[in-house]
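Asks: Can you keep this structure in mind? I'll have questions shortly.
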Amino acid sequence: MLSRTNFQPILDSLFNHASVHAAVIANEEGFPLAYRARDSSFGGDDAEKAAALISALIGRTKMAVDRMGRGTVNFFTIDVSTGEILVALEKDYVVIAIRSRDK
């Protein structure tokens with residue numbers, strides 16, 4: 001059974017990097033299981049939104065990679081003007097890290 005305490009080491013590891021602004025761990029259906037942010041600008045509603053939107057994107061990404069015959073999706077990066085959104089697909093959950101651009 002997955003619980004918030006299972007994810008604490010993952011969140012701790014991500015936040016060892018100063019550029020990580022927020023992180024969400026979600027189930028495959030797009031519901032957040034745990035999240036952490038450096039400040040109050042990213043809250044529970046933001047974690048829910050990120051989990052749901054990235055979940056939908058994962059489905060499309062998996063379909064595209066499958067149709068291209070390129071294997072399976074393990075990890076992908078979305079490069080945005082303010083930084084990156086990193087997405088790691090694990091067996092029972094997804095890790096989403098939002099990183100700011102290094103200054």
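In the structure tokens, the first chain shown is A, the next is B, and so on; residue numbers restart at 1 for each chain, and ligands run from 1 in the order shown.
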A:Ala22: which residues within 9 Å, counting only C-alpha atoms, same-chain residues fewer than 5 positions away excluded, as a ChimeraX atom specification?

Replies: /A:14-15,35-39,42,47,96-99

Asks: Atoms to include: N, CA and C atoms. Write the selected residues as a compact mmCIF listing (two decimals), in the first residue's frame.

Replies:
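What landed in out-v1.txt:
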# COMPACT_ATOMS: atom_id res chain seq x y z
N LEU A 14 14.46 15.31 -4.05
CA LEU A 14 14.18 16.35 -5.04
C LEU A 14 14.49 17.74 -4.48
N PHE A 15 14.17 17.96 -3.23
CA PHE A 15 14.37 19.28 -2.65
C PHE A 15 15.80 19.53 -2.20
N TYR A 35 2.69 15.98 -2.06
CA TYR A 35 3.32 17.10 -2.75
C TYR A 35 4.06 17.96 -1.74
N ARG A 36 4.98 18.75 -2.27
CA ARG A 36 5.73 19.69 -1.44
C ARG A 36 6.09 20.87 -2.31
N ALA A 37 6.15 22.04 -1.70
CA ALA A 37 6.55 23.25 -2.41
C ALA A 37 7.48 24.07 -1.52
N ARG A 38 8.30 24.87 -2.14
CA ARG A 38 9.22 25.72 -1.38
C ARG A 38 8.49 26.88 -0.70
N ASP A 39 7.37 27.30 -1.26
CA ASP A 39 6.63 28.41 -0.67
C ASP A 39 5.13 28.21 -0.89
N PHE A 42 2.43 27.51 -4.34
CA PHE A 42 2.01 26.23 -4.93
C PHE A 42 1.33 25.43 -3.83
N ALA A 47 -1.37 21.24 -6.93
CA ALA A 47 -0.93 19.84 -7.01
C ALA A 47 -1.96 18.99 -7.73
N ILE A 96 6.43 14.24 -10.45
CA ILE A 96 6.44 15.47 -11.23
C ILE A 96 7.25 16.50 -10.44
N ALA A 97 8.31 17.01 -11.05
CA ALA A 97 9.13 18.04 -10.40
C ALA A 97 9.10 19.29 -11.26
N ILE A 98 8.86 20.42 -10.62
CA ILE A 98 8.84 21.70 -11.32
C ILE A 98 10.08 22.47 -10.89
N ARG A 99 10.95 22.68 -11.90
CA ARG A 99 12.22 23.35 -11.63
C ARG A 99 12.24 24.74 -12.25

Asks: Using DSSP on the backbone, list every residue of chain A that comes out as strand (DSSP E or B), and give them as a VMD selection string.

Replies: chain A and resid 20 to 26 32 to 37 75 to 80 83 to 89 94 to 100

Asks: Please report, as a ChimeraX atom specification, each residue of chain A to which DSSP assigns helix (DSSP H, G or I) when run on this structure's backbone.

Replies: /A:4-14,44-68

Asks: Using only C-alpha atoms, determine which residues lie at most 12 Å from A:Val24, disregarding the query and same-chain residues fewer than 6 positions distant; provide the list as a PDB file with C-alpha atoms, in the first residue's frame.

Replies:
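Final output, saved to part_20.pdb:
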ATOM      1  CA  ARG A   4       2.655   9.557   2.125  1.00  0.00           C
ATOM      2  CA  PHE A   7       7.237   9.275  -0.681  1.00  0.00           C
ATOM      3  CA  GLN A   8       9.097  11.362   1.891  1.00  0.00           C
ATOM      4  CA  ILE A  10      11.714  11.007  -2.865  1.00  0.00           C
ATOM      5  CA  LEU A  11      10.532  14.496  -1.946  1.00  0.00           C
ATOM      6  CA  LEU A  14      14.185  16.354  -5.037  1.00  0.00           C
ATOM      7  CA  PHE A  15      14.366  19.278  -2.647  1.00  0.00           C
ATOM      8  CA  GLY A  30      -3.932  11.726 -11.944  1.00  0.00           C
ATOM      9  CA  PHE A  31      -4.689  12.136  -8.239  1.00  0.00           C
ATOM     10  CA  PRO A  32      -1.942  13.611  -6.053  1.00  0.00           C
ATOM     11  CA  LEU A  33      -0.644  11.270  -3.356  1.00  0.00           C
ATOM     12  CA  ALA A  34       1.881  13.712  -1.891  1.00  0.00           C
ATOM     13  CA  TYR A  35       3.322  17.102  -2.746  1.00  0.00           C
ATOM     14  CA  ARG A  36       5.727  19.685  -1.440  1.00  0.00           C
ATOM     15  CA  ALA A  37       6.554  23.255  -2.407  1.00  0.00           C
ATOM     16  CA  PHE A  42       2.008  26.231  -4.928  1.00  0.00           C
ATOM     17  CA  GLY A  43      -0.737  24.587  -2.888  1.00  0.00           C
ATOM     18  CA  GLY A  44      -3.092  21.626  -2.894  1.00  0.00           C
ATOM     19  CA  ASP A  45      -5.188  22.944  -5.789  1.00  0.00           C
ATOM     20  CA  ASP A  46      -2.031  23.382  -7.859  1.00  0.00           C
ATOM     21  CA  ALA A  47      -0.926  19.837  -7.005  1.00  0.00           C
ATOM     22  CA  GLU A  48      -4.316  18.487  -8.130  1.00  0.00           C
ATOM     23  CA  LYS A  49      -4.182  20.473 -11.358  1.00  0.00           C
ATOM     24  CA  ALA A  50      -0.604  19.399 -12.134  1.00  0.00           C
ATOM     25  CA  ALA A  51      -1.373  15.727 -11.420  1.00  0.00           C
ATOM     26  CA  ALA A  52      -4.473  15.719 -13.622  1.00  0.00           C
ATOM     27  CA  LEU A  53      -2.919  17.598 -16.531  1.00  0.00           C
ATOM     28  CA  ILE A  54       0.313  15.616 -16.542  1.00  0.00           C
ATOM     29  CA  SER A  55      -1.661  12.360 -16.290  1.00  0.00           C
ATOM     30  CA  ILE A  85       8.701  20.181 -15.697  1.00  0.00           C
ATOM     31  CA  LEU A  86      10.280  16.766 -15.165  1.00  0.00           C
ATOM     32  CA  VAL A  87       8.071  13.679 -15.281  1.00  0.00           C
ATOM     33  CA  ALA A  88       9.260  10.241 -14.124  1.00  0.00           C
ATOM     34  CA  TYR A  93       3.054   6.333  -9.356  1.00  0.00           C
ATOM     35  CA  VAL A  94       4.350   9.351 -11.253  1.00  0.00           C
ATOM     36  CA  VAL A  95       6.844  11.913  -9.966  1.00  0.00           C
ATOM     37  CA  ILE A  96       6.443  15.474 -11.234  1.00  0.00           C
ATOM     38  CA  ALA A  97       9.127  18.041 -10.401  1.00  0.00           C
ATOM     39  CA  ILE A  98       8.839  21.704 -11.320  1.00  0.00           C
ATOM     40  CA  ARG A  99      12.219  23.349 -11.633  1.00  0.00           C
TER      41      ARG A  99
END

Asks: Select, from A:Ser40, A:Gly59, A:Asp92, A:Met68, the residue with the minimum atom-to-atom distance to A:His21, counting only C-alpha atoms.

Replies: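 Under the stated criterion, the closest residue is A:Ser40.
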
Asks: Which residue gives the smallest distance to A:Glu90 among A:Asp102, A:Ser19, A:Asn74, A:Val65, with only C-alpha atoms counted?

Replies: A:Asn74

Asks: From the set A:Pro9, A:Ser41, A:Thr72, A:Val20, which residue has the shortest atom-to-atom contact distance to A:Ser100, counting only C-alpha atoms?

Replies: A:Val20

Asks: What is the distance between atom CA of A:Gly69 and atom CA of A:Gly83, in Å to one decimal?

Replies: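 Interatomic distance here is 29.5 Å.
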